[in-house]
file run23.tsv (TSV, C-alpha atoms)
chain	number	residue	atom	x	y	z
Q	1	MET	CA	85.20	103.15	85.17
Q	2	ASN	CA	88.60	104.75	84.71
Q	3	THR	CA	91.18	103.11	82.48
Q	4	PRO	CA	93.18	100.62	84.56
Q	5	VAL	CA	96.60	101.82	85.68
Q	6	ALA	CA	99.48	99.93	84.09
Q	7	THR	CA	101.58	98.38	86.84
Q	8	SER	CA	104.80	96.44	86.97
Q	9	LEU	CA	103.97	94.80	90.29
Q	10	LEU	CA	105.73	91.57	91.16
Q	11	LEU	CA	103.85	89.19	93.43
Q	12	HIS	CA	106.36	87.86	95.97
Q	13	ARG	CA	104.08	86.13	98.49
Q	14	ILE	CA	100.42	85.20	98.93
Q	15	TYR	CA	98.83	84.78	102.36
Q	16	ILE	CA	95.36	83.69	103.44
Q	17	SER	CA	93.89	83.01	106.85
Q	18	ALA	CA	90.55	81.45	107.69
Q	19	GLY	CA	90.30	83.27	111.03
Q	20	HIS	CA	90.68	86.72	112.54
Q	21	SER	CA	93.46	87.38	115.03
Q	22	TYR	CA	92.61	91.00	115.84
Q	23	VAL	CA	89.11	91.98	114.65
Q	24	GLY	CA	86.89	92.67	117.66
Q	25	ARG	CA	89.73	91.97	120.10
Q	26	HIS	CA	90.68	95.50	121.25
Q	27	GLY	CA	91.76	95.28	124.88
Q	28	LEU	CA	91.44	91.48	124.91
Q	29	GLY	CA	94.69	90.44	123.24
Q	30	SER	CA	95.08	88.73	119.92
Q	31	VAL	CA	94.03	85.20	119.07
Q	32	PRO	CA	96.71	83.14	117.30
Q	33	ARG	CA	95.49	82.10	113.84
Q	34	ILE	CA	97.28	80.22	111.14
Q	35	ILE	CA	98.42	82.39	108.25
Q	36	GLU	CA	98.88	80.12	105.28
Q	37	GLU	CA	101.35	80.99	102.55
Q	38	VAL	CA	100.17	79.66	99.19
Q	39	ASP	CA	101.52	79.70	95.64
Q	40	THR	CA	98.14	80.47	94.03
Q	41	VAL	CA	94.83	81.94	95.12
Q	42	GLU	CA	91.44	82.32	93.48
Q	43	CYS	CA	90.08	85.87	93.27
Q	44	VAL	CA	86.28	86.06	93.14
Q	45	ALA	CA	84.81	89.37	91.97
Q	46	ASP	CA	83.00	91.31	94.71
Q	47	ARG	CA	83.63	88.52	97.22
Q	48	GLY	CA	87.36	88.24	97.99
Q	49	LEU	CA	90.02	85.55	98.05
Q	50	ARG	CA	88.60	82.05	98.34
Q	51	GLY	CA	89.67	80.59	101.69
Q	52	ASP	CA	90.44	83.94	103.34
Q	53	ARG	CA	88.70	85.32	106.42
Q	54	PHE	CA	87.27	88.28	104.48
Q	55	PHE	CA	85.69	86.16	101.71
Q	56	ASP	CA	82.00	87.20	101.55
Q	57	HIS	CA	82.62	89.47	104.57
Q	58	LYS	CA	80.03	92.03	103.48
Q	59	GLU	CA	78.66	93.59	100.31
Q	60	ASN	CA	80.97	96.03	98.51
Q	61	TYR	CA	83.69	95.46	101.12
Q	62	LYS	CA	86.73	97.70	100.55
Q	63	GLY	CA	89.25	95.13	101.77
Q	64	GLN	CA	88.47	92.05	99.69
Q	65	VAL	CA	92.22	91.75	99.15
Q	66	THR	CA	95.07	93.65	100.82
Q	67	LEU	CA	98.52	94.41	99.43
Q	68	PHE	CA	101.77	95.35	101.13
Q	69	SER	CA	105.02	96.57	99.58
Q	70	VAL	CA	108.12	94.40	99.90
Q	71	GLU	CA	110.20	97.59	99.72
Q	72	VAL	CA	108.30	99.14	102.64
Q	73	PHE	CA	108.68	95.92	104.61
Q	74	ALA	CA	112.46	95.94	104.10
Q	75	ALA	CA	112.67	99.61	105.14
Q	76	LEU	CA	110.52	98.91	108.22
Q	77	CYS	CA	112.76	96.03	109.28
Q	78	THR	CA	115.85	98.21	108.88
Q	79	ALA	CA	114.36	101.24	110.67
Q	80	LEU	CA	113.11	99.24	113.66
Q	81	ASN	CA	115.96	96.70	113.69
Q	82	LEU	CA	113.71	93.70	113.05
Q	83	PRO	CA	116.03	91.22	111.29
Q	84	ARG	CA	113.79	88.21	112.03
Q	85	ALA	CA	110.44	89.78	111.15
Q	86	ARG	CA	108.24	87.94	108.69
Q	87	PRO	CA	105.79	89.75	106.39
Q	88	ALA	CA	103.01	87.28	107.26
Q	89	VAL	CA	102.53	88.99	110.65
Q	90	LEU	CA	101.19	92.07	108.85
Q	91	ARG	CA	98.16	89.95	107.86
Q	92	ARG	CA	98.06	91.48	104.37
Q	93	ASN	CA	97.23	89.06	101.56
Q	94	LEU	CA	99.74	89.96	98.88
Q	95	LEU	CA	103.36	91.02	99.29
Q	96	VAL	CA	104.19	92.91	96.11
Q	97	GLY	CA	107.09	94.93	94.78
Q	98	GLY	CA	107.81	97.51	92.16
Q	99	MET	CA	105.43	100.38	92.89
Q	100	ASN	CA	104.25	102.88	95.50
Q	101	LEU	CA	100.89	101.37	96.44
Q	102	ASN	CA	99.42	104.71	97.52
Q	103	GLU	CA	99.43	105.71	93.84
Q	104	LEU	CA	96.71	103.10	93.27
Q	105	ILE	CA	94.20	104.51	95.78
Q	106	GLY	CA	90.95	105.26	93.96
Q	107	ARG	CA	92.16	103.65	90.75
Q	108	PRO	CA	91.58	100.35	88.95
Q	109	PHE	CA	94.65	98.30	88.07
Q	110	GLU	CA	95.47	94.86	86.79
Q	111	LEU	CA	97.57	92.23	88.52
Q	112	GLN	CA	98.21	89.05	86.52
Q	113	GLY	CA	95.01	89.55	84.53
Q	114	VAL	CA	92.81	90.18	87.59
Q	115	LEU	CA	91.25	93.63	87.71
Q	116	LEU	CA	91.42	95.25	91.16
Q	117	GLU	CA	90.47	98.68	92.45
Q	118	GLY	CA	92.55	100.36	95.14
Q	119	THR	CA	90.06	101.68	97.70
Q	120	GLU	CA	92.16	103.12	100.53
Q	121	GLU	CA	95.31	102.75	102.58
Q	122	CYS	CA	95.29	99.69	104.78
Q	123	ARG	CA	95.87	101.82	107.86
Q	124	PRO	CA	98.09	100.31	110.52
Q	125	CYS	CA	96.58	99.79	113.95
Q	126	HIS	CA	97.93	99.28	117.46
Q	127	TRP	CA	98.25	95.54	116.80
Q	128	MET	CA	101.30	96.24	114.63
Q	129	ASP	CA	103.28	97.04	117.77
Q	130	GLU	CA	102.34	93.62	119.18
Q	131	ALA	CA	102.95	91.74	115.94
Q	132	LEU	CA	106.24	93.41	114.98
Q	133	GLY	CA	107.54	95.52	117.83
Q	134	PRO	CA	107.24	98.93	119.48
Q	135	GLY	CA	107.04	101.77	116.99
Q	136	ALA	CA	105.70	99.70	114.08
Q	137	GLU	CA	102.26	101.32	114.02
Q	138	ALA	CA	103.71	104.85	113.99
Q	139	TRP	CA	106.34	103.97	111.38
Q	140	LEU	CA	103.73	102.42	109.08
Q	141	ARG	CA	101.40	105.44	109.03
Q	142	GLY	CA	100.94	106.44	105.40
Q	143	ARG	CA	102.56	103.22	104.16
Q	144	GLY	CA	100.43	100.46	105.70
Q	145	GLY	CA	99.48	98.87	102.41
Q	146	LEU	CA	96.50	98.98	100.08
Q	147	ARG	CA	92.95	97.72	100.48
Q	148	CYS	CA	91.24	96.67	97.24
Q	149	ARG	CA	88.04	95.43	95.75
Q	150	ILE	CA	88.22	92.55	93.29
Q	151	LEU	CA	86.49	93.52	90.04
Q	152	THR	CA	87.04	90.38	87.93
Q	153	ASP	CA	87.46	86.69	88.67
Q	154	GLY	CA	90.82	85.07	88.17
Q	155	TRP	CA	93.83	83.43	89.73
Q	156	LEU	CA	96.97	84.96	91.15
Q	157	ARG	CA	100.24	83.06	91.25
Q	158	ARG	CA	103.34	83.92	93.22
Q	159	ASP	CA	106.01	85.05	90.75
Q	160	GLY	CA	108.52	82.26	90.38
Q	161	ALA	CA	106.07	79.56	91.54
call {"tool": "encode", "arguments": {"input": "run23.tsv", "output": "structure tokens"}}
result
Amino acid sequence: MNTPVATSLLLHRIYISAGHSYVGRHGLGSVPRIIEEVDTVECVADRGLRGDRFFDHKENYKGQVTLFSVEVFAALCTALNLPRARPAVLRRNLLVGGMNLNELIGRPFELQGVLLEGTEECRPCHWMDEALGPGAEAWLRGRGGLRCRILTDGWLRRDGA
């Protein structure tokens, strides 16, 4: 394995959801599901975030945890005039700040002592236009967040919690 990338990521928010709102729903409309904001979450290597809908989803799953940039979210809200938008609607697990997440694709990195591996961009889909507003999917292309595998067990805590 490559040497983990040093990051200065700050963890602003943590979200988990026991159910899927969009998976398998193309053309059928979304299903409202509770997105719970928590102060801490348990990361289980090769399995995901305990309590989240993708925990034990499938072997070697590339999206055991998903990250989104607080800076990108702020720019999105400004660009699309979304003053009331909430980052939870993106359905990404961790809202982080301090780094371009695309730089972590294909690389291991550490967040609060938990070793993660960036696998690919969390590509935006057509649901972003429903969740946020028209133009969100197009605006988010290339900056939709980061999908990761969890390589070591541990706990994440919202900074300031």
call {"tool": "closest_atom_pairs", "arguments": {"input": "run23.tsv", "of": "range 29-135 of chain Q", "to": "range 156-160 of chain Q", "cutoff": "7 Å", "atoms": "all atoms listed in the file", "output": "CSV"}}
result
residue,atom,partner,partner_atom,distance
Q:Asp39,CA,Q:Arg158,CA,5.2
Q:Thr40,CA,Q:Arg157,CA,4.3
Q:Val41,CA,Q:Leu156,CA,5.4
Q:Glu42,CA,Q:Leu156,CA,6.6
Q:Gln112,CA,Q:Leu156,CA,6.3
call {"tool": "residues_around", "arguments": {"input": "run23.tsv", "residues": "range 133-136 of chain Q", "least_positions_apart": "3", "cutoff": "12 Å", "atoms": "only C-alpha atoms", "output": "ChimeraX atom specification"}}
result
/Q:72-73,75-86,89-90,123-130,139-144
call {"tool": "closest_residue", "arguments": {"input": "run23.tsv", "among": "Q:Leu115, Q:Asn100, Q:Cys122, Q:Phe54", "to": "Leu9 in chain Q", "atoms": "all atoms listed in the file"}}
result
Q:Asn100
call {"tool": "atom_distance", "arguments": {"input": "run23.tsv", "atom1": "CA of Gly106 in chain Q", "atom2": "CA of Gly118 in chain Q"}}
result
5.3 Å
call {"tool": "atom_distance", "arguments": {"input": "run23.tsv", "atom1": "CA of Val65 in chain Q", "atom2": "CA of Arg92 in chain Q"}}
result
7.8 Å
call {"tool": "residues_around", "arguments": {"input": "run23.tsv", "residues": "Tyr61 in chain Q", "least_positions_apart": "4", "cutoff": "12 Å", "atoms": "only C-alpha atoms", "output": "PyMOL selection string"}}
result
chain Q and resi 45-48+54-57+65-66+117-120+147-151
call {"tool": "closest_residue", "arguments": {"input": "run23.tsv", "among": "Q:Leu11, Q:Leu67, Q:Leu95, Q:Ile16", "to": "Val38 in chain Q", "atoms": "only C-alpha atoms"}}
result
Q:Ile16
call {"tool": "atom_distance", "arguments": {"input": "run23.tsv", "atom1": "CA of Ala88 in chain Q", "atom2": "CA of Ala74 in chain Q"}}
result
13.2 Å
call {"tool": "residues_around", "arguments": {"input": "run23.tsv", "residues": "Ser8 in chain Q", "least_positions_apart": "2", "cutoff": "10 Å", "atoms": "only C-alpha atoms", "output": "PyMOL selection string"}}
result
chain Q and resi 5-6+10-11+96-99+110-112
call {"tool": "residues_around", "arguments": {"input": "run23.tsv", "residues": "Gly154 in chain Q", "least_positions_apart": "2", "cutoff": "8 Å", "atoms": "all atoms listed in the file", "output": "ChimeraX atom specification"}}
result
/Q:42-44,113-114,152,156
call {"tool": "closest_residue", "arguments": {"input": "run23.tsv", "among": "Q:Arg91, Q:Arg107, Q:His12, Q:Lys62", "to": "Glu36 in chain Q", "atoms": "only C-alpha atoms"}}
result
Q:Arg91
